Every structure is written in structure tokens, then in C-alpha cells.
Amino acid sequence: MRLLVIDTAMGACTAAVFQDDRALSVRFELMAKGHQERLGGLVRDVAAEAGGGFAALDRIGVTVGPGSFTGLRVGLAFAQGLGAALGRPVVGLSTLAALAASLEEAGGPVAALIDARRGQVYARFLLNGAALGPDEALTLDVAAARLAALTQEVGGPARLVGSGAAVLREAFPDLAVGAVDPRAAPSPQALARLARAADPAACAPRPLYLRAPDATPPSRLPGQPRQPAA
């Protein structure tokens, strides 16, 4: 199976083409913003470098979040548009699942964490590669308590991965954890593995929002007078 994987949900812009588990062409650029300007060129380049162009693709995988509200919609809109144009299935991938899959060893307890700001993290807890629950938005206190309970249950420290790993570690320095991998985005190889295994019927490419957006609609239209204070 030839796959195109796309990730713009967090601190990187990724486009890569894989033939099964073999990377044919990979572009990975760290960036906090500007994904919309770079993504099209990166996808064009990897499709050309892999050979066969877009027509050779069998499936497209794209991260659906959690992550940046703007960033993840850039990747989703691009993937869905390309999939519709090519008549290829598009599968949605959890950013947290992809972060966990980016670790070299899948065994033992793992906490995939994204810094959600405002004293929160987006979290997924796993044991031996299996998720212990859905992706969640948690306060740092709750995330630390959940992690402590997990490590006590399994009798060993959990590994942390993602931008929220260092945040939680700094907030709770006495928390018993193993290795901390503060990577900004999932690896292309992890994205490809998840995209290849995904069921298109069950993994729709829809944005996964775990918290309401910070931006709010305007209270009045342009030109409308302000309402008098009560």
C-alpha cells in the first residue's frame, strides 16, 4: 500500500510517502505557524520524489487532533480535498496515538501529552501499546494523579512523550516517571504505521476538539451600535 501522511496539528509540518513500511520520501519541518504556506509544496515534493505522482497513492492519512485549532484544519482541509480529487480514502489519526507510536519501544505504560496551555494537557494513557481510555483534556493536577495511579498499578514508571511531557514533569518534579521525550510532533514513520492499520470506515477525517476555541464570535456586526451597559 502506498500512503501519503500529513501532519500540521502541532509544532511541525510533515508530508511523507511510504510504500508499506518503507519511506520513499519524507519532509519534516519544525514550525509553530505557517503550515498553510508550506504544506502544498511539501506534498508536491514528496509525491514527485517517491515516483508515480499522486496517481500512485492508495490512501491518505492525516492527524485530526488534538492540537492547534488552525493547524489541524490546514492538514484536514488539504487531505480531504486531495482525497476527493483523487478518489482515495482519507483516514484520520489521533495526534496523541501517533506521539505514543513514535516511541521506539511500545511496551510498558506510556503517557502521550500535549501542552494545552492554561494549566492543562491533552492526554492519552497507554499500556503495552493499547489505549486505556479516550483522548482527554486534563488539568495538570488530574493528569499527574492519573499517571501516579497508573505507575502504582503496573509497578513501574511510565514514559512521557509530547510537548506536555516536560510541562507535567516541571510542575511535578517528584512524580516518578521514566524517560521523557518532549518531541514537538509525531514521527512520519508512526503516522504511516497508524494510517496503514486504520479502518477508513471507523477513522473519519474529522477534527478532534477537546476544548472550546479561545476565540469567540463578535458580539455585534460591523457598523452596529454598541449596546448600552445594563
# chains A, B, ... in the order shown; residues from 1 in each chain; ligands from 1

$ closest_atom_pairs --of "region 48-67 of chain A" --to "region 86-98 of chain A" --cutoff "8 Å" --atoms "only C-alpha atoms" --output "JSON lines"
{"residue": "A:Phe54", "atom": "CA", "partner": "A:Leu86", "partner_atom": "CA", "distance": 7.7}
{"residue": "A:Ala55", "atom": "CA", "partner": "A:Leu86", "partner_atom": "CA", "distance": 7.2}
{"residue": "A:Leu57", "atom": "CA", "partner": "A:Arg88", "partner_atom": "CA", "distance": 7.6}
{"residue": "A:Asp58", "atom": "CA", "partner": "A:Arg88", "partner_atom": "CA", "distance": 6.2}
{"residue": "A:Arg59", "atom": "CA", "partner": "A:Pro89", "partner_atom": "CA", "distance": 5.3}
{"residue": "A:Ile60", "atom": "CA", "partner": "A:Val90", "partner_atom": "CA", "distance": 4.7}
{"residue": "A:Gly61", "atom": "CA", "partner": "A:Val91", "partner_atom": "CA", "distance": 4.9}
{"residue": "A:Val62", "atom": "CA", "partner": "A:Gly92", "partner_atom": "CA", "distance": 5.2}
{"residue": "A:Thr63", "atom": "CA", "partner": "A:Leu93", "partner_atom": "CA", "distance": 4.5}
{"residue": "A:Val64", "atom": "CA", "partner": "A:Gly92", "partner_atom": "CA", "distance": 5.6}
{"residue": "A:Gly65", "atom": "CA", "partner": "A:Thr95", "partner_atom": "CA", "distance": 5.1}
{"residue": "A:Pro66", "atom": "CA", "partner": "A:Thr95", "partner_atom": "CA", "distance": 6.0}
{"residue": "A:Gly67", "atom": "CA", "partner": "A:Thr95", "partner_atom": "CA", "distance": 7.3}

$ write_last_selection --atoms "N, CA and C atoms" --output "mmCIF file, in the first residue's frame"
data_model
loop_
_atom_site.group_PDB
_atom_site.id
_atom_site.type_symbol
_atom_site.label_atom_id
_atom_site.label_comp_id
_atom_site.auth_asym_id
_atom_site.auth_seq_id
_atom_site.Cartn_x
_atom_site.Cartn_y
_atom_site.Cartn_z
ATOM 1 N N PHE A 54 0.782 11.644 -7.738
ATOM 2 C CA PHE A 54 -0.394 11.447 -6.893
ATOM 3 C C PHE A 54 -1.205 10.226 -7.303
ATOM 4 N N ALA A 55 -1.155 9.863 -8.576
ATOM 5 C CA ALA A 55 -1.954 8.732 -9.059
ATOM 6 C C ALA A 55 -1.531 7.417 -8.424
ATOM 7 N N LEU A 57 -0.875 6.913 -5.300
ATOM 8 C CA LEU A 57 -1.281 6.819 -3.900
ATOM 9 C C LEU A 57 -2.507 5.921 -3.743
ATOM 10 N N ASP A 58 -2.509 5.134 -2.668
ATOM 11 C CA ASP A 58 -3.653 4.289 -2.340
ATOM 12 C C ASP A 58 -4.485 4.848 -1.194
ATOM 13 N N ARG A 59 -3.845 5.618 -0.304
ATOM 14 C CA ARG A 59 -4.536 6.107 0.888
ATOM 15 C C ARG A 59 -3.818 7.344 1.409
ATOM 16 N N ILE A 60 -4.582 8.200 2.084
ATOM 17 C CA ILE A 60 -4.027 9.398 2.710
ATOM 18 C C ILE A 60 -4.367 9.356 4.195
ATOM 19 N N GLY A 61 -3.379 9.586 5.037
ATOM 20 C CA GLY A 61 -3.587 9.667 6.470
ATOM 21 C C GLY A 61 -3.276 11.066 6.956
ATOM 22 N N VAL A 62 -4.084 11.584 7.861
ATOM 23 C CA VAL A 62 -3.903 12.951 8.350
ATOM 24 C C VAL A 62 -4.258 13.017 9.833
ATOM 25 N N THR A 63 -3.467 13.770 10.599
ATOM 26 C CA THR A 63 -3.776 13.944 12.015
ATOM 27 C C THR A 63 -5.000 14.831 12.181
ATOM 28 N N VAL A 64 -5.863 14.436 13.115
ATOM 29 C CA VAL A 64 -7.120 15.162 13.336
ATOM 30 C C VAL A 64 -7.136 15.907 14.665
ATOM 31 N N GLY A 65 -6.061 15.800 15.451
ATOM 32 C CA GLY A 65 -6.003 16.440 16.745
ATOM 33 C C GLY A 65 -5.964 15.392 17.840
ATOM 34 N N PRO A 66 -5.900 15.852 19.068
ATOM 35 C CA PRO A 66 -5.922 17.265 19.458
ATOM 36 C C PRO A 66 -4.664 17.991 19.038
ATOM 37 N N GLY A 67 -4.772 19.320 19.003
ATOM 38 C CA GLY A 67 -3.650 20.145 18.600
ATOM 39 C C GLY A 67 -4.104 21.564 18.374
#

$ residues_around --residues "region 24-40 of chain A" --least-positions-apart "2" --cutoff "12 Å" --atoms "only C-alpha atoms" --output "PyMOL selection string"
chain A and resi 2-22+42-53+57+67-79+81-82+183-189+191-192

$ write_last_selection --atoms "C-alpha atoms" --output "PDB file, in the first residue's frame"
ATOM      1  CA  ARG A   2       1.312   3.434  -0.934  1.00  0.00           C
ATOM      2  CA  LEU A   3       0.475   6.056   1.668  1.00  0.00           C
ATOM      3  CA  LEU A   4       0.676   9.816   1.897  1.00  0.00           C
ATOM      4  CA  VAL A   5       0.726  11.041   5.504  1.00  0.00           C
ATOM      5  CA  ILE A   6       0.163  14.649   6.555  1.00  0.00           C
ATOM      6  CA  ASP A   7       0.546  16.312   9.944  1.00  0.00           C
ATOM      7  CA  THR A   8       0.059  20.003  10.730  1.00  0.00           C
ATOM      8  CA  ALA A   9      -1.640  19.625  14.112  1.00  0.00           C
ATOM      9  CA  MET A  10       1.208  20.846  16.300  1.00  0.00           C
ATOM     10  CA  GLY A  11       4.741  22.225  16.048  1.00  0.00           C
ATOM     11  CA  ALA A  12       5.779  20.752  12.709  1.00  0.00           C
ATOM     12  CA  CYS A  13       4.679  20.379   9.124  1.00  0.00           C
ATOM     13  CA  THR A  14       5.028  16.817   7.871  1.00  0.00           C
ATOM     14  CA  ALA A  15       4.397  15.256   4.476  1.00  0.00           C
ATOM     15  CA  ALA A  16       5.695  11.810   3.601  1.00  0.00           C
ATOM     16  CA  VAL A  17       5.074   8.971   1.167  1.00  0.00           C
ATOM     17  CA  PHE A  18       5.535   5.366   2.287  1.00  0.00           C
ATOM     18  CA  GLN A  19       5.318   2.086   0.445  1.00  0.00           C
ATOM     19  CA  ASP A  20       4.029  -0.153   3.232  1.00  0.00           C
ATOM     20  CA  ASP A  21       6.617   0.469   5.973  1.00  0.00           C
ATOM     21  CA  ARG A  22       9.345   1.815   3.653  1.00  0.00           C
ATOM     22  CA  LEU A  42       5.965  19.667   0.695  1.00  0.00           C
ATOM     23  CA  VAL A  43       3.220  17.336  -0.530  1.00  0.00           C
ATOM     24  CA  ARG A  44       4.096  18.136  -4.147  1.00  0.00           C
ATOM     25  CA  ASP A  45       7.755  17.395  -3.489  1.00  0.00           C
ATOM     26  CA  VAL A  46       7.256  14.052  -1.738  1.00  0.00           C
ATOM     27  CA  ALA A  47       4.776  12.829  -4.367  1.00  0.00           C
ATOM     28  CA  ALA A  48       7.257  13.646  -7.137  1.00  0.00           C
ATOM     29  CA  GLU A  49      10.297  12.252  -5.315  1.00  0.00           C
ATOM     30  CA  ALA A  50       8.531   8.988  -4.452  1.00  0.00           C
ATOM     31  CA  GLY A  51       7.765   8.377  -8.119  1.00  0.00           C
ATOM     32  CA  GLY A  52       4.403   7.835  -9.742  1.00  0.00           C
ATOM     33  CA  GLY A  53       2.971  11.149  -8.568  1.00  0.00           C
ATOM     34  CA  LEU A  57      -1.281   6.819  -3.900  1.00  0.00           C
ATOM     35  CA  GLY A  67      -3.650  20.145  18.600  1.00  0.00           C
ATOM     36  CA  SER A  68      -3.688  23.655  17.252  1.00  0.00           C
ATOM     37  CA  PHE A  69      -7.187  24.658  16.080  1.00  0.00           C
ATOM     38  CA  THR A  70      -5.823  26.406  12.999  1.00  0.00           C
ATOM     39  CA  GLY A  71      -3.019  23.984  12.257  1.00  0.00           C
ATOM     40  CA  LEU A  72      -5.021  20.793  12.277  1.00  0.00           C
ATOM     41  CA  ARG A  73      -7.675  22.286   9.989  1.00  0.00           C
ATOM     42  CA  VAL A  74      -4.962  23.135   7.456  1.00  0.00           C
ATOM     43  CA  GLY A  75      -3.949  19.491   7.178  1.00  0.00           C
ATOM     44  CA  LEU A  76      -7.506  18.188   7.256  1.00  0.00           C
ATOM     45  CA  ALA A  77      -8.752  20.512   4.531  1.00  0.00           C
ATOM     46  CA  PHE A  78      -5.783  19.693   2.308  1.00  0.00           C
ATOM     47  CA  ALA A  79      -6.068  15.929   2.827  1.00  0.00           C
ATOM     48  CA  GLY A  81      -9.542  17.982  -0.876  1.00  0.00           C
ATOM     49  CA  LEU A  82      -6.761  15.821  -2.293  1.00  0.00           C
ATOM     50  CA  ARG A 183       9.080  15.916  20.773  1.00  0.00           C
ATOM     51  CA  ALA A 184       7.013  18.592  19.042  1.00  0.00           C
ATOM     52  CA  ALA A 185       5.212  16.259  16.626  1.00  0.00           C
ATOM     53  CA  PRO A 186       4.785  12.574  15.762  1.00  0.00           C
ATOM     54  CA  SER A 187       7.362  10.846  13.603  1.00  0.00           C
ATOM     55  CA  PRO A 188       6.448  10.241   9.942  1.00  0.00           C
ATOM     56  CA  GLN A 189       7.071   6.520  10.475  1.00  0.00           C
ATOM     57  CA  LEU A 191       1.960   8.223  11.160  1.00  0.00           C
ATOM     58  CA  ALA A 192       2.479   5.732   8.334  1.00  0.00           C
TER      59      ALA A 192
END

$ residues_around --residues "Ala166 (chain A)" --least-positions-apart "4" --cutoff "9 Å" --atoms "only C-alpha atoms" --output "PyMOL selection string"
chain A and resi 115+160-162+170-171+180-182

$ write_last_selection --atoms "N, CA and C atoms" --output "compact mmCIF listing (two decimals), in the first residue's frame"
# COMPACT_ATOMS: atom_id res chain seq x y z
N ASP A 115 0.90 19.99 25.40
CA ASP A 115 0.69 21.20 26.19
C ASP A 115 -0.52 21.95 25.64
N LEU A 160 6.97 9.41 29.22
CA LEU A 160 6.18 10.55 28.77
C LEU A 160 6.67 10.99 27.40
N VAL A 161 5.72 11.35 26.54
CA VAL A 161 6.09 11.81 25.20
C VAL A 161 5.17 12.95 24.79
N GLY A 162 5.73 13.94 24.10
CA GLY A 162 4.95 15.06 23.60
C GLY A 162 5.31 16.37 24.27
N GLU A 170 7.90 19.33 34.94
CA GLU A 170 8.32 20.53 35.64
C GLU A 170 7.35 20.89 36.76
N ALA A 171 6.06 20.69 36.51
CA ALA A 171 5.05 21.03 37.52
C ALA A 171 5.08 20.06 38.69
N VAL A 180 11.61 10.90 29.35
CA VAL A 180 10.76 12.00 28.90
C VAL A 180 11.20 12.38 27.49
N ASP A 181 10.28 12.28 26.53
CA ASP A 181 10.55 12.62 25.13
C ASP A 181 9.66 13.80 24.75
N PRO A 182 10.19 15.03 24.79
CA PRO A 182 9.35 16.21 24.56
C PRO A 182 9.20 16.60 23.09

$ residues_around --residues "region 133-150 of chain A" --least-positions-apart "4" --cutoff "10 Å" --atoms "only C-alpha atoms" --output "compact mmCIF listing (two decimals) with C-alpha atoms, in the first residue's frame"
# COMPACT_ATOMS: atom_id res chain seq x y z
CA GLY A 65 -6.00 16.44 16.75
CA PRO A 66 -5.92 17.27 19.46
CA SER A 94 -5.15 10.84 16.68
CA THR A 95 -2.16 13.08 17.33
CA LEU A 96 -1.73 11.53 20.77
CA ALA A 97 -1.82 7.99 19.39
CA PRO A 109 3.00 2.35 30.50
CA VAL A 110 3.10 5.48 28.33
CA ALA A 111 1.53 8.91 28.68
CA ALA A 112 1.23 10.93 25.46
CA LEU A 113 0.81 14.57 26.44
CA ILE A 114 0.33 17.82 24.52
CA ASP A 115 0.69 21.20 26.19
CA ALA A 116 -2.81 22.70 26.00
CA ARG A 117 -1.80 25.88 27.91
CA ARG A 118 -3.86 27.36 30.76
CA GLY A 119 -2.71 24.65 33.16
CA GLN A 120 -3.98 21.78 31.02
CA VAL A 121 -2.66 18.97 28.85
CA TYR A 122 -4.28 16.82 26.21
CA ALA A 123 -3.58 13.26 27.31
CA ARG A 124 -3.79 9.63 26.29
CA PHE A 125 -2.58 6.86 28.62
CA LEU A 126 -1.45 3.53 27.19
CA LEU A 127 -0.22 0.18 28.45
CA VAL A 154 1.83 -1.56 36.94
CA GLY A 155 4.64 -1.27 39.47
CA GLY A 156 6.95 0.80 37.31
CA PRO A 157 7.40 4.32 35.92
CA ALA A 158 5.68 5.48 32.74
CA ARG A 159 7.42 7.12 29.81
CA LEU A 160 6.18 10.55 28.77
CA GLY A 164 3.17 18.33 27.52
CA VAL A 167 5.32 20.69 31.34
CA LEU A 168 4.00 17.96 33.61
CA ARG A 169 7.48 16.94 34.71
CA ALA A 171 5.05 21.03 37.52
CA PHE A 172 5.51 17.79 39.48
CA LEU A 175 6.46 12.41 40.10
CA ALA A 176 8.02 9.01 39.41
CA VAL A 177 8.41 8.83 35.64
CA LEU A 208 -10.94 16.21 17.30
CA TYR A 209 -11.51 19.16 19.61
CA LEU A 210 -11.18 18.50 23.33
CA ARG A 211 -11.70 22.12 24.37

$ atom_distance --atom1 "CA of Gly108 (chain A)" --atom2 "CA of Gly129 (chain A)"
7.7 Å

$ select_by_dssp --residues "region 65-182 of chain A" --states "alpha helix (DSSP H)" --output "NGL selection string"
:A and (69-86 or 95-101 or 140-154 or 163-171)

$ atom_distance --atom1 "CA of Ala100 (chain A)" --atom2 "CA of Glu153 (chain A)"
19.6 Å
